[in-house]
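So this block is start_22.txt, compact mmCIF, C-alpha atoms:
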```txt
# COMPACT_ATOMS: atom_id res chain seq x y z
CA SER A 1 -151.84 -90.39 -81.38
CA GLU A 2 -154.01 -87.38 -82.16
CA THR A 3 -151.23 -84.83 -81.67
CA LYS A 4 -150.23 -82.92 -84.73
CA CYS A 5 -147.06 -83.98 -86.48
CA MET A 6 -144.53 -81.45 -85.29
CA LYS A 7 -140.79 -81.51 -85.77
CA SER A 8 -138.89 -82.35 -82.57
CA GLU A 9 -137.62 -79.09 -81.14
CA GLY A 10 -133.97 -78.05 -80.87
CA ALA A 11 -132.59 -78.97 -84.27
CA SER A 12 -133.88 -78.52 -87.78
CA GLY A 13 -134.37 -82.24 -88.46
CA GLY A 14 -135.77 -84.99 -86.25
CA LEU A 15 -134.06 -86.34 -83.17
CA VAL A 16 -132.46 -89.20 -85.11
CA ASP A 17 -130.52 -86.67 -87.17
CA TRP A 18 -129.07 -84.77 -84.21
CA THR A 19 -125.27 -84.84 -84.01
CA VAL A 20 -123.46 -84.96 -80.67
CA SER A 21 -123.09 -81.16 -80.97
CA ASP A 22 -126.85 -80.77 -81.43
CA VAL A 23 -127.40 -82.78 -78.24
CA VAL A 24 -124.87 -80.66 -76.35
CA SER A 25 -126.52 -77.44 -77.61
CA TYR A 26 -129.94 -78.69 -76.59
CA PHE A 27 -128.94 -79.37 -72.97
CA THR A 28 -126.94 -76.14 -72.74
CA THR A 29 -129.98 -74.16 -73.84
CA ALA A 30 -132.23 -76.22 -71.57
CA GLY A 31 -130.32 -74.92 -68.54
CA PHE A 32 -127.74 -77.65 -68.01
CA PRO A 33 -124.51 -76.25 -69.53
CA GLU A 34 -122.30 -78.14 -67.10
CA GLN A 35 -124.00 -81.48 -67.69
CA ALA A 36 -124.17 -80.93 -71.46
CA ALA A 37 -120.43 -81.59 -71.66
CA ALA A 38 -121.00 -85.13 -70.39
CA PHE A 39 -123.10 -85.89 -73.45
CA ARG A 40 -120.09 -84.96 -75.61
CA THR A 41 -117.69 -87.02 -73.47
CA GLN A 42 -119.97 -90.06 -73.78
CA GLU A 43 -120.56 -89.39 -77.52
CA ILE A 44 -124.35 -89.25 -77.30
CA ASP A 45 -125.99 -88.25 -80.57
CA GLY A 46 -129.73 -88.25 -81.29
CA LYS A 47 -129.85 -91.95 -82.06
CA SER A 48 -128.15 -92.83 -78.78
CA LEU A 49 -130.37 -90.39 -76.88
CA LEU A 50 -133.40 -92.33 -78.12
CA LEU A 51 -131.98 -95.50 -76.56
CA MET A 52 -131.19 -94.08 -73.10
CA GLN A 53 -133.00 -95.40 -70.04
CA ARG A 54 -133.31 -93.78 -66.61
CA ASN A 55 -130.34 -95.61 -65.12
CA ASP A 56 -128.09 -94.74 -68.07
CA VAL A 57 -128.68 -91.03 -67.43
CA LEU A 58 -128.24 -91.35 -63.66
CA THR A 59 -125.09 -93.47 -63.58
CA GLY A 60 -123.61 -93.52 -67.09
CA LEU A 61 -122.92 -89.82 -67.49
CA SER A 62 -121.05 -89.21 -64.21
CA ILE A 63 -123.08 -86.09 -63.49
CA ARG A 64 -124.64 -85.00 -60.19
CA LEU A 65 -127.80 -86.80 -59.14
CA GLY A 66 -130.09 -83.75 -58.82
CA PRO A 67 -129.62 -82.43 -62.37
CA ALA A 68 -129.52 -86.01 -63.73
CA LEU A 69 -133.00 -86.72 -62.35
CA LYS A 70 -134.40 -83.60 -64.06
CA ILE A 71 -132.54 -84.25 -67.32
CA TYR A 72 -134.09 -87.69 -67.56
CA GLU A 73 -137.60 -86.82 -66.43
CA ARG A 74 -138.11 -83.47 -68.19
CA HIS A 75 -135.99 -83.91 -71.28
CA VAL A 76 -134.82 -87.39 -72.29
CA LYS A 77 -138.20 -88.99 -71.56
CA VAL A 78 -140.08 -86.15 -73.24
CA LEU A 79 -137.87 -86.10 -76.34
CA GLN A 80 -138.31 -89.86 -76.72
CA LYS A 81 -142.07 -89.66 -76.25
CA THR A 82 -142.34 -86.84 -78.82
CA HIS A 83 -140.21 -88.83 -81.26
CA PHE A 84 -142.32 -91.95 -81.07
CA GLU A 85 -145.53 -89.96 -81.42
CA ASP A 86 -144.06 -88.41 -84.58
CA ASP A 87 -143.72 -91.94 -85.94
CA ASP A 88 -147.50 -92.14 -86.19
CA CYS A 89 -147.60 -89.41 -88.87
CA SER B 90 -157.52 -89.68 -50.63
CA GLU B 91 -159.57 -88.62 -47.64
CA THR B 92 -156.70 -86.92 -45.82
CA LYS B 93 -157.04 -83.21 -45.37
CA CYS B 94 -155.06 -80.96 -47.66
CA MET B 95 -152.07 -80.00 -45.58
CA LYS B 96 -148.93 -78.23 -46.66
CA SER B 97 -145.88 -80.51 -46.82
CA GLU B 98 -143.89 -80.01 -43.64
CA GLY B 99 -140.41 -78.47 -43.42
CA ALA B 100 -140.70 -75.45 -45.65
CA SER B 101 -143.34 -72.78 -46.05
CA GLY B 102 -144.35 -73.82 -49.58
CA GLY B 103 -144.84 -77.24 -51.10
CA LEU B 104 -142.04 -79.71 -51.75
CA VAL B 105 -141.69 -78.61 -55.38
CA ASP B 106 -140.69 -75.16 -54.18
CA TRP B 107 -137.92 -76.31 -51.84
CA THR B 108 -134.45 -75.07 -52.76
CA VAL B 109 -131.36 -77.22 -52.23
CA SER B 110 -130.87 -75.33 -48.95
CA ASP B 111 -134.40 -76.20 -47.83
CA VAL B 112 -133.64 -79.87 -48.49
CA VAL B 113 -130.37 -79.66 -46.55
CA SER B 114 -132.16 -77.95 -43.63
CA TYR B 115 -134.86 -80.58 -43.61
CA PHE B 116 -132.43 -83.52 -43.30
CA THR B 117 -130.28 -81.66 -40.75
CA THR B 118 -133.34 -81.10 -38.57
CA ALA B 119 -134.51 -84.68 -39.17
CA GLY B 120 -131.36 -85.96 -37.45
CA PHE B 121 -129.04 -86.51 -40.40
CA PRO B 122 -126.71 -83.46 -40.38
CA GLU B 123 -123.80 -85.41 -41.83
CA GLN B 124 -125.83 -86.90 -44.68
CA ALA B 125 -127.61 -83.59 -45.38
CA ALA B 126 -124.41 -82.26 -46.94
CA ALA B 127 -124.63 -84.96 -49.63
CA PHE B 128 -127.92 -83.49 -50.82
CA ARG B 129 -126.12 -80.19 -51.40
CA THR B 130 -123.18 -81.88 -53.17
CA GLN B 131 -125.58 -83.69 -55.50
CA GLU B 132 -127.73 -80.53 -55.96
CA ILE B 133 -131.00 -82.10 -54.84
CA ASP B 134 -133.83 -79.58 -54.59
CA GLY B 135 -137.48 -80.38 -53.92
CA LYS B 136 -138.22 -81.25 -57.53
CA SER B 137 -135.33 -83.70 -57.68
CA LEU B 138 -136.29 -85.17 -54.29
CA LEU B 139 -139.69 -86.05 -55.73
CA LEU B 140 -137.98 -88.08 -58.46
CA MET B 141 -135.63 -90.11 -56.23
CA GLN B 142 -136.01 -93.87 -56.01
CA ARG B 143 -134.64 -96.21 -53.33
CA ASN B 144 -131.48 -97.06 -55.23
CA ASP B 145 -130.70 -93.40 -55.93
CA VAL B 146 -130.65 -92.67 -52.19
CA LEU B 147 -128.60 -95.79 -51.36
CA THR B 148 -125.93 -95.51 -54.02
CA GLY B 149 -126.16 -92.04 -55.59
CA LEU B 150 -125.43 -89.98 -52.49
CA SER B 151 -122.27 -91.78 -51.32
CA ILE B 152 -123.53 -91.89 -47.74
CA ARG B 153 -123.37 -94.79 -45.30
CA LEU B 154 -125.88 -97.57 -45.82
CA GLY B 155 -127.54 -97.51 -42.39
CA PRO B 156 -128.58 -93.83 -42.46
CA ALA B 157 -129.38 -94.09 -46.19
CA LEU B 158 -131.93 -96.84 -45.56
CA LYS B 159 -133.70 -94.69 -42.94
CA ILE B 160 -133.53 -91.53 -45.02
CA TYR B 161 -135.29 -93.28 -47.88
CA GLU B 162 -137.86 -95.21 -45.88
CA ARG B 163 -138.83 -92.60 -43.28
CA HIS B 164 -138.34 -89.39 -45.19
CA VAL B 165 -138.01 -89.50 -48.99
CA LYS B 166 -140.83 -92.02 -49.40
CA VAL B 167 -143.04 -90.19 -46.89
CA LEU B 168 -142.43 -86.74 -48.40
CA GLN B 169 -143.27 -88.10 -51.86
CA LYS B 170 -146.42 -89.83 -50.62
CA THR B 171 -147.58 -86.67 -48.84
CA HIS B 172 -146.90 -84.62 -51.96
CA PHE B 173 -148.93 -86.83 -54.25
CA GLU B 174 -151.82 -86.97 -51.79
CA ASP B 175 -151.79 -83.17 -51.80
CA ASP B 176 -152.37 -83.34 -55.54
CA ASP B 177 -155.85 -84.65 -54.89
CA CYS B 178 -156.92 -81.36 -53.26
CA SER C 179 -148.64 -117.30 -38.70
CA GLU C 180 -149.10 -120.16 -36.28
CA THR C 181 -145.62 -119.88 -34.78
CA LYS C 182 -145.50 -118.92 -31.14
CA CYS C 183 -144.62 -115.33 -30.31
CA MET C 184 -140.97 -115.53 -29.41
CA LYS C 185 -138.56 -112.70 -28.86
CA SER C 186 -136.06 -112.26 -31.69
CA GLU C 187 -132.80 -113.89 -30.61
CA GLY C 188 -129.52 -112.08 -29.98
CA ALA C 189 -130.59 -109.12 -27.87
CA SER C 190 -132.96 -108.75 -24.97
CA GLY C 191 -135.49 -106.64 -26.86
CA GLY C 192 -136.85 -106.97 -30.40
CA LEU C 193 -134.81 -106.34 -33.51
CA VAL C 194 -136.01 -102.73 -33.80
CA ASP C 195 -134.32 -101.97 -30.47
CA TRP C 196 -130.89 -103.34 -31.44
CA THR C 197 -128.11 -100.77 -31.43
CA VAL C 198 -125.28 -100.90 -33.95
CA SER C 199 -123.24 -102.70 -31.28
CA ASP C 200 -125.97 -105.33 -30.87
CA VAL C 201 -125.87 -105.95 -34.62
CA VAL C 202 -122.07 -106.23 -34.57
CA SER C 203 -122.24 -108.67 -31.61
CA TYR C 204 -124.85 -110.76 -33.38
CA PHE C 205 -122.76 -111.27 -36.54
CA THR C 206 -119.58 -111.84 -34.54
CA THR C 207 -121.30 -114.60 -32.58
CA ALA C 208 -122.88 -115.96 -35.77
CA GLY C 209 -119.41 -116.73 -37.12
CA PHE C 210 -118.68 -113.59 -39.15
CA PRO C 211 -116.34 -111.51 -36.92
CA GLU C 212 -114.54 -109.96 -39.87
CA GLN C 213 -117.74 -108.96 -41.68
CA ALA C 214 -119.37 -107.74 -38.45
CA ALA C 215 -117.10 -104.69 -38.53
CA ALA C 216 -118.69 -103.59 -41.80
CA PHE C 217 -122.04 -103.26 -40.06
CA ARG C 218 -120.43 -100.78 -37.67
CA THR C 219 -118.73 -98.87 -40.50
CA GLN C 220 -122.05 -98.54 -42.33
CA GLU C 221 -123.93 -97.70 -39.07
CA ILE C 222 -126.47 -100.51 -39.37
CA ASP C 223 -128.71 -100.79 -36.31
CA GLY C 224 -131.74 -103.07 -35.95
CA LYS C 225 -134.06 -100.68 -37.73
CA SER C 226 -131.72 -100.42 -40.72
CA LEU C 227 -131.19 -104.21 -40.72
CA LEU C 228 -134.95 -104.64 -41.19
CA LEU C 229 -134.78 -102.51 -44.35
CA MET C 230 -131.85 -104.28 -46.02
CA GLN C 231 -132.38 -106.12 -49.29
CA ARG C 232 -130.15 -108.78 -50.90
CA ASN C 233 -128.23 -106.33 -53.05
CA ASP C 234 -127.56 -103.98 -50.11
CA VAL C 235 -125.80 -106.80 -48.25
CA LEU C 236 -123.85 -107.96 -51.32
CA THR C 237 -122.62 -104.61 -52.57
CA GLY C 238 -123.25 -102.02 -49.85
CA LEU C 239 -121.07 -103.49 -47.12
CA SER C 240 -117.86 -104.00 -49.15
CA ILE C 241 -117.41 -107.51 -47.80
CA ARG C 242 -116.42 -110.65 -49.69
CA LEU C 243 -119.10 -112.26 -51.80
CA GLY C 244 -119.07 -115.73 -50.21
CA PRO C 245 -119.75 -114.61 -46.63
CA ALA C 246 -122.12 -111.89 -47.90
CA LEU C 247 -124.34 -114.49 -49.59
CA LYS C 248 -124.60 -116.49 -46.34
CA ILE C 249 -125.12 -113.42 -44.17
CA TYR C 250 -128.09 -112.39 -46.29
CA GLU C 251 -129.66 -115.82 -46.78
CA ARG C 252 -129.18 -117.32 -43.31
CA HIS C 253 -129.32 -114.26 -41.12
CA VAL C 254 -130.72 -111.00 -42.53
CA LYS C 255 -133.62 -112.73 -44.29
CA VAL C 256 -134.34 -114.94 -41.29
CA LEU C 257 -134.20 -112.07 -38.77
CA GLN C 258 -136.59 -110.05 -40.93
CA LYS C 259 -138.97 -112.98 -41.36
CA THR C 260 -138.99 -113.65 -37.61
CA HIS C 261 -139.61 -109.98 -36.92
CA PHE C 262 -142.61 -109.72 -39.20
CA GLU C 263 -144.10 -112.94 -37.84
CA ASP C 264 -143.80 -111.43 -34.35
CA ASP C 265 -146.01 -108.60 -35.60
CA ASP C 266 -148.90 -111.03 -35.81
CA CYS C 267 -148.88 -111.52 -32.01
CA SER D 268 -137.58 -134.81 -62.17
CA GLU D 269 -137.07 -138.06 -64.02
CA THR D 270 -133.27 -137.85 -63.97
CA LYS D 271 -131.54 -140.48 -61.89
CA CYS D 272 -130.18 -139.39 -58.53
CA MET D 273 -126.52 -138.84 -59.24
CA LYS D 274 -123.95 -137.24 -57.00
CA SER D 275 -122.95 -133.75 -58.12
CA GLU D 276 -119.68 -134.03 -60.02
CA GLY D 277 -116.34 -132.60 -58.89
CA ALA D 278 -116.17 -133.63 -55.25
CA SER D 279 -117.01 -136.83 -53.44
CA GLY D 280 -119.98 -135.38 -51.55
CA GLY D 281 -122.77 -133.05 -52.70
CA LEU D 282 -122.29 -129.41 -53.63
CA VAL D 283 -123.21 -128.20 -50.15
CA ASP D 284 -120.18 -130.01 -48.76
CA TRP D 285 -117.65 -128.47 -51.16
CA THR D 286 -114.97 -126.37 -49.48
CA VAL D 287 -113.57 -123.24 -51.11
CA SER D 288 -110.70 -125.42 -52.36
CA ASP D 289 -113.15 -127.86 -53.97
CA VAL D 290 -114.77 -124.94 -55.79
CA VAL D 291 -111.38 -123.64 -56.96
CA SER D 292 -110.42 -127.15 -58.17
CA TYR D 293 -113.68 -127.51 -60.04
CA PHE D 294 -113.26 -124.27 -62.04
CA THR D 295 -109.57 -124.96 -62.68
CA THR D 296 -110.45 -128.35 -64.15
CA ALA D 297 -113.37 -126.85 -66.05
CA GLY D 298 -110.94 -124.68 -68.01
CA PHE D 299 -110.95 -121.46 -66.00
CA PRO D 300 -107.73 -121.62 -63.93
CA GLU D 301 -107.30 -117.84 -63.91
CA GLN D 302 -110.88 -117.15 -62.82
CA ALA D 303 -110.80 -119.99 -60.26
CA ALA D 304 -108.58 -117.84 -58.04
CA ALA D 305 -111.38 -115.27 -57.73
CA PHE D 306 -113.57 -117.87 -56.05
CA ARG D 307 -110.88 -118.27 -53.39
CA THR D 308 -110.48 -114.50 -52.98
CA GLN D 309 -114.22 -114.11 -52.48
CA GLU D 310 -114.38 -117.20 -50.20
CA ILE D 311 -117.01 -119.04 -52.24
CA ASP D 312 -117.67 -122.56 -50.95
CA GLY D 313 -120.39 -124.92 -52.19
CA LYS D 314 -123.07 -123.36 -50.02
CA SER D 315 -122.29 -119.87 -51.34
CA LEU D 316 -122.11 -121.17 -54.92
CA LEU D 317 -125.69 -122.39 -54.57
CA LEU D 318 -126.78 -118.84 -53.69
CA MET D 319 -125.05 -117.03 -56.57
CA GLN D 320 -127.11 -115.23 -59.18
CA ARG D 321 -126.04 -114.11 -62.68
CA ASN D 322 -125.09 -110.59 -61.61
CA ASP D 323 -123.01 -111.86 -58.65
CA VAL D 324 -120.83 -113.87 -61.06
CA LEU D 325 -120.56 -111.05 -63.58
CA THR D 326 -119.75 -108.18 -61.23
CA GLY D 327 -118.89 -109.66 -57.82
CA LEU D 328 -115.85 -111.70 -58.81
CA SER D 329 -113.92 -108.99 -60.71
CA ILE D 330 -113.20 -111.35 -63.59
CA ARG D 331 -113.40 -110.64 -67.31
CA LEU D 332 -116.85 -110.54 -68.83
CA GLY D 333 -116.39 -113.25 -71.49
CA PRO D 334 -115.32 -116.05 -69.12
CA ALA D 335 -117.79 -114.81 -66.48
CA LEU D 336 -120.72 -115.28 -68.87
CA LYS D 337 -119.66 -118.88 -69.58
CA ILE D 338 -118.92 -119.66 -65.92
CA TYR D 339 -122.43 -118.62 -64.97
CA GLU D 340 -124.31 -120.16 -67.88
CA ARG D 341 -122.47 -123.47 -68.23
CA HIS D 342 -121.38 -124.14 -64.67
CA VAL D 343 -123.00 -122.20 -61.83
CA LYS D 344 -126.51 -122.51 -63.29
CA VAL D 345 -125.98 -126.19 -64.15
CA LEU D 346 -124.53 -127.10 -60.74
CA GLN D 347 -127.46 -125.38 -59.02
CA LYS D 348 -130.00 -127.11 -61.26
CA THR D 349 -128.39 -130.51 -60.65
CA HIS D 350 -128.36 -129.85 -56.92
CA PHE D 351 -132.02 -129.01 -56.71
CA GLU D 352 -132.98 -132.00 -58.86
CA ASP D 353 -131.03 -134.19 -56.42
CA ASP D 354 -133.34 -132.87 -53.71
CA ASP D 355 -136.18 -134.79 -55.33
CA CYS D 356 -134.49 -138.17 -54.59
CA SER E 357 -139.60 -118.01 -88.36
CA GLU E 358 -140.25 -117.64 -92.05
CA THR E 359 -136.86 -116.09 -92.81
CA LYS E 360 -134.58 -118.18 -94.94
CA CYS E 361 -131.77 -120.00 -93.18
CA MET E 362 -128.81 -117.77 -93.81
CA LYS E 363 -125.41 -118.01 -92.21
CA SER E 364 -124.75 -115.29 -89.64
CA GLU E 365 -122.71 -112.59 -91.30
CA GLY E 366 -119.12 -111.67 -90.45
CA ALA E 367 -117.42 -115.06 -90.21
CA SER E 368 -117.57 -118.16 -92.31
CA GLY E 369 -119.28 -120.29 -89.66
CA GLY E 370 -122.11 -119.48 -87.25
CA LEU E 371 -121.83 -117.06 -84.34
CA VAL E 372 -121.03 -119.85 -81.87
CA ASP E 373 -117.83 -120.58 -83.80
CA TRP E 374 -116.52 -117.00 -83.78
CA THR E 375 -113.21 -116.56 -81.97
CA VAL E 376 -112.45 -113.41 -79.97
CA SER E 377 -110.61 -112.14 -83.07
CA ASP E 378 -113.70 -112.70 -85.22
CA VAL E 379 -115.73 -110.63 -82.75
CA VAL E 380 -113.12 -107.86 -82.78
CA SER E 381 -113.06 -107.86 -86.61
CA TYR E 382 -116.83 -107.70 -86.77
CA PHE E 383 -117.10 -104.58 -84.56
CA THR E 384 -114.13 -102.91 -86.29
CA THR E 385 -115.83 -103.38 -89.66
CA ALA E 386 -119.17 -102.30 -88.19
CA GLY E 387 -117.72 -98.87 -87.45
CA PHE E 388 -116.57 -99.27 -83.85
CA PRO E 389 -112.78 -99.83 -84.10
CA GLU E 390 -112.11 -98.18 -80.74
CA GLN E 391 -114.77 -100.18 -78.89
CA ALA E 392 -113.79 -103.43 -80.65
CA ALA E 393 -110.66 -103.58 -78.51
CA ALA E 394 -112.82 -103.88 -75.38
CA PHE E 395 -114.22 -107.14 -76.68
CA ARG E 396 -110.68 -108.51 -76.82
CA THR E 397 -109.84 -107.19 -73.34
CA GLN E 398 -112.94 -108.86 -71.91
CA GLU E 399 -112.32 -112.06 -73.95
CA ILE E 400 -115.70 -112.09 -75.68
CA ASP E 401 -115.99 -114.81 -78.31
CA GLY E 402 -119.15 -115.77 -80.21
CA LYS E 403 -120.46 -117.96 -77.43
CA SER E 404 -120.08 -115.18 -74.85
CA LEU E 405 -121.60 -112.64 -77.26
CA LEU E 406 -124.74 -114.78 -77.40
CA LEU E 407 -125.05 -114.52 -73.60
CA MET E 408 -124.66 -110.74 -73.31
CA GLN E 409 -127.50 -108.62 -72.02
CA ARG E 410 -128.02 -104.85 -72.40
CA ASN E 411 -126.42 -103.98 -69.07
CA ASP E 412 -123.35 -106.14 -69.75
CA VAL E 413 -122.62 -104.13 -72.91
CA LEU E 414 -123.29 -100.78 -71.21
CA THR E 415 -121.29 -101.30 -68.02
CA GLY E 416 -119.13 -104.40 -68.46
CA LEU E 417 -117.02 -103.25 -71.39
CA SER E 418 -115.93 -99.86 -70.01
CA ILE E 419 -116.72 -98.13 -73.27
CA ARG E 420 -118.49 -94.80 -73.79
CA LEU E 421 -122.24 -94.80 -73.36
CA GLY E 422 -123.21 -93.47 -76.82
CA PRO E 423 -121.44 -96.17 -78.85
CA ALA E 424 -122.38 -98.82 -76.26
CA LEU E 425 -126.08 -98.12 -76.77
CA LYS E 426 -125.74 -98.55 -80.54
CA ILE E 427 -123.52 -101.64 -80.25
CA TYR E 428 -126.15 -103.35 -78.14
CA GLU E 429 -129.24 -102.25 -80.05
CA ARG E 430 -128.00 -102.58 -83.63
CA HIS E 431 -125.51 -105.40 -83.34
CA VAL E 432 -125.55 -107.62 -80.24
CA LYS E 433 -129.35 -107.85 -80.17
CA VAL E 434 -129.54 -108.40 -83.92
CA LEU E 435 -126.80 -111.05 -84.00
CA GLN E 436 -128.52 -112.92 -81.17
CA LYS E 437 -131.92 -112.71 -82.87
CA THR E 438 -130.46 -113.95 -86.16
CA HIS E 439 -128.73 -116.80 -84.35
CA PHE E 440 -131.84 -118.03 -82.63
CA GLU E 441 -133.89 -117.78 -85.83
CA ASP E 442 -131.23 -119.95 -87.54
CA ASP E 443 -131.97 -122.57 -84.90
CA ASP E 444 -135.36 -123.09 -86.50
CA CYS E 445 -133.78 -124.41 -89.74
```
Could you spell out this file's structure in structure tokens?
Amino acid sequence: SETKCMKSEGASGGLVDWTVSDVVSYFTTAGFPEQAAAFRTQEIDGKSLLLMQRNDVLTGLSIRLGPALKIYERHVKVLQKTHFEDDDC
Amino acid sequence: SETKCMKSEGASGGLVDWTVSDVVSYFTTAGFPEQAAAFRTQEIDGKSLLLMQRNDVLTGLSIRLGPALKIYERHVKVLQKTHFEDDDC
Amino acid sequence: SETKCMKSEGASGGLVDWTVSDVVSYFTTAGFPEQAAAFRTQEIDGKSLLLMQRNDVLTGLSIRLGPALKIYERHVKVLQKTHFEDDDC
Amino acid sequence: SETKCMKSEGASGGLVDWTVSDVVSYFTTAGFPEQAAAFRTQEIDGKSLLLMQRNDVLTGLSIRLGPALKIYERHVKVLQKTHFEDDDC
Amino acid sequence: SETKCMKSEGASGGLVDWTVSDVVSYFTTAGFPEQAAAFRTQEIDGKSLLLMQRNDVLTGLSIRLGPALKIYERHVKVLQKTHFEDDDC
């Protein structure tokens, strides 16, 4: 990748170092305060977030379908993509 | 695509600008008043509608299978196709 | 297809014209009276029947697995196949 | 296939002729008496058994995951394979 | 594989010889004491563990999504990989 090596946004370290609370803060700030609580209930930290697939977000969090679709497409997928591009540094 | 660049039907703006209420109105008018309520419950706006796959409609809305199959095939798929053709304008 | 252009069996018109009651009658006659009721509950008419996939029959009708497997393999699949062959007429 | 044409084990006739009770007897004898009852509940006869896929065994019988994995891998898959090899006779 | 032929870790014999209790001990030691109990409930021994796929771990154990993702990725997948490499000895 030719992108510059930037830190993942939302926590001081990289995504793999995010605690469950960092994940909850990220989604609260991103406009999904109600859904953010589900990440705490399911104990999703940065490492788990990296392993989530579309269906896990849609059915494994017990959140409404509309927000779930946006959370996966605009955030989980993007955070994962950014993380793996960082690996090329 | 060689189709002309038409606005998506059912709301004044494009599908991405539809609110949840626009989505509910669309499916009510399309002959699915009972199922339309499920789109409100699941908070599906135009942006979320664009991201829905077959299985999301069939199992994520908790609506009966017969109407769900038609809603996906005749409406969700068609609205998405129209939207992405518009992108070629 | 080289098959002759026969009407789909079980109703006077083609499968697309079957009402929910036609579908229920078909499966009752086919030896599945108990499961036939599920097609009414889920509002499956001929048009919806044409759109059903294996998993929809197995999990979307809330019927027992044994009969569900036969209903899909011997009936739904066959009715769909016959319908699409008719399209070649 | 080069295997000899043997009858499927567990009933006098081939798998397609097994009744639900033959299926229940087979799994009881095979060491799964508790899970065998689920095949009766779901009305699985030999013909239905031939149509079962991995996911049907794991989620459609409401049995525990450990035994379900073995039932599919060591029995359902093997019975199906034996049946279709018999077809070459 | 060029790896040396090592015993699978966590029990004296290979993974296929692990009892349900061996599996429970392994996941307790691995840092998942709460989730380990689910392996007992679902009667997962070493042979069943070898047959588990991603979705079985995520939805078949009724455990929280975060730990489930790590259990599959860091343990189940790794134990299976190690087992099949041992087969080359």
- Note on the structure: Expressed in Å, the length from CA of Asp289 in chain D to CA of Leu316 in chain D is 11.2 Å
- Taking only C-alpha atoms into account, which residues of chain E are within 9 Å of chain A, as a PyMOL selection string? chain E and resi 414-415+419-426+429
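From CA of Tyr339 in chain D back to CA of Arg321 in chain D, the distance works out to 6.2 Å.
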- Query: So what do you get for CA of Val76 in chain A versus CA of Ser25 in chain A, distance-wise?
  - Reply: 14.0 Å
- Task: Return the single residue from B:Phe116, B:Ser151, B:Ala126, B:Asp175 that is closest to Arg163 in chain B, with distances computed using all atoms listed in the file.
- Result: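 Looking only at the distances to Arg163 in chain B, the closest residue turns out to be B:Phe116.
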Is it possible to dump range 136-168 of chain B as a PDB file, in the first residue's frame, including just C-alpha atoms?
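The result, written out as out-v8.pdb:
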```
ATOM      1  CA  LYS B 136     -28.460   4.148   3.269  1.00  0.00           C
ATOM      2  CA  SER B 137     -29.170   0.961   5.203  1.00  0.00           C
ATOM      3  CA  LEU B 138     -31.572  -0.244   2.482  1.00  0.00           C
ATOM      4  CA  LEU B 139     -28.709  -0.048  -0.005  1.00  0.00           C
ATOM      5  CA  LEU B 140     -26.685  -2.420   2.173  1.00  0.00           C
ATOM      6  CA  MET B 141     -29.360  -5.105   2.667  1.00  0.00           C
ATOM      7  CA  GLN B 142     -28.824  -8.592   1.294  1.00  0.00           C
ATOM      8  CA  ARG B 143     -31.439 -11.299   0.670  1.00  0.00           C
ATOM      9  CA  ASN B 144     -30.950 -12.994   4.021  1.00  0.00           C
ATOM     10  CA  ASP B 145     -31.213  -9.710   5.928  1.00  0.00           C
ATOM     11  CA  VAL B 146     -34.685  -9.118   4.481  1.00  0.00           C
ATOM     12  CA  LEU B 147     -35.814 -12.721   5.066  1.00  0.00           C
ATOM     13  CA  THR B 148     -34.612 -13.176   8.623  1.00  0.00           C
ATOM     14  CA  GLY B 149     -33.645  -9.757  10.008  1.00  0.00           C
ATOM     15  CA  LEU B 150     -37.037  -8.074   9.762  1.00  0.00           C
ATOM     16  CA  SER B 151     -39.145 -10.760  11.487  1.00  0.00           C
ATOM     17  CA  ILE B 152     -41.791 -10.581   8.772  1.00  0.00           C
ATOM     18  CA  ARG B 153     -43.594 -13.451   7.080  1.00  0.00           C
ATOM     19  CA  LEU B 154     -41.647 -15.361   4.465  1.00  0.00           C
ATOM     20  CA  GLY B 155     -44.012 -14.890   1.511  1.00  0.00           C
ATOM     21  CA  PRO B 156     -44.071 -11.066   1.586  1.00  0.00           C
ATOM     22  CA  ALA B 157     -40.365 -10.993   2.509  1.00  0.00           C
ATOM     23  CA  LEU B 158     -39.426 -12.881  -0.654  1.00  0.00           C
ATOM     24  CA  LYS B 159     -41.349 -10.369  -2.807  1.00  0.00           C
ATOM     25  CA  ILE B 160     -40.044  -7.351  -0.922  1.00  0.00           C
ATOM     26  CA  TYR B 161     -36.478  -8.439  -1.589  1.00  0.00           C
ATOM     27  CA  GLU B 162     -36.882  -9.570  -5.177  1.00  0.00           C
ATOM     28  CA  ARG B 163     -39.191  -6.855  -6.516  1.00  0.00           C
ATOM     29  CA  HIS B 164     -38.192  -3.885  -4.426  1.00  0.00           C
ATOM     30  CA  VAL B 165     -34.920  -3.998  -2.467  1.00  0.00           C
ATOM     31  CA  LYS B 166     -32.975  -5.565  -5.339  1.00  0.00           C
ATOM     32  CA  VAL B 167     -34.560  -3.225  -7.893  1.00  0.00           C
ATOM     33  CA  LEU B 168     -33.996  -0.075  -5.818  1.00  0.00           C
TER      34      LEU B 168
END
```
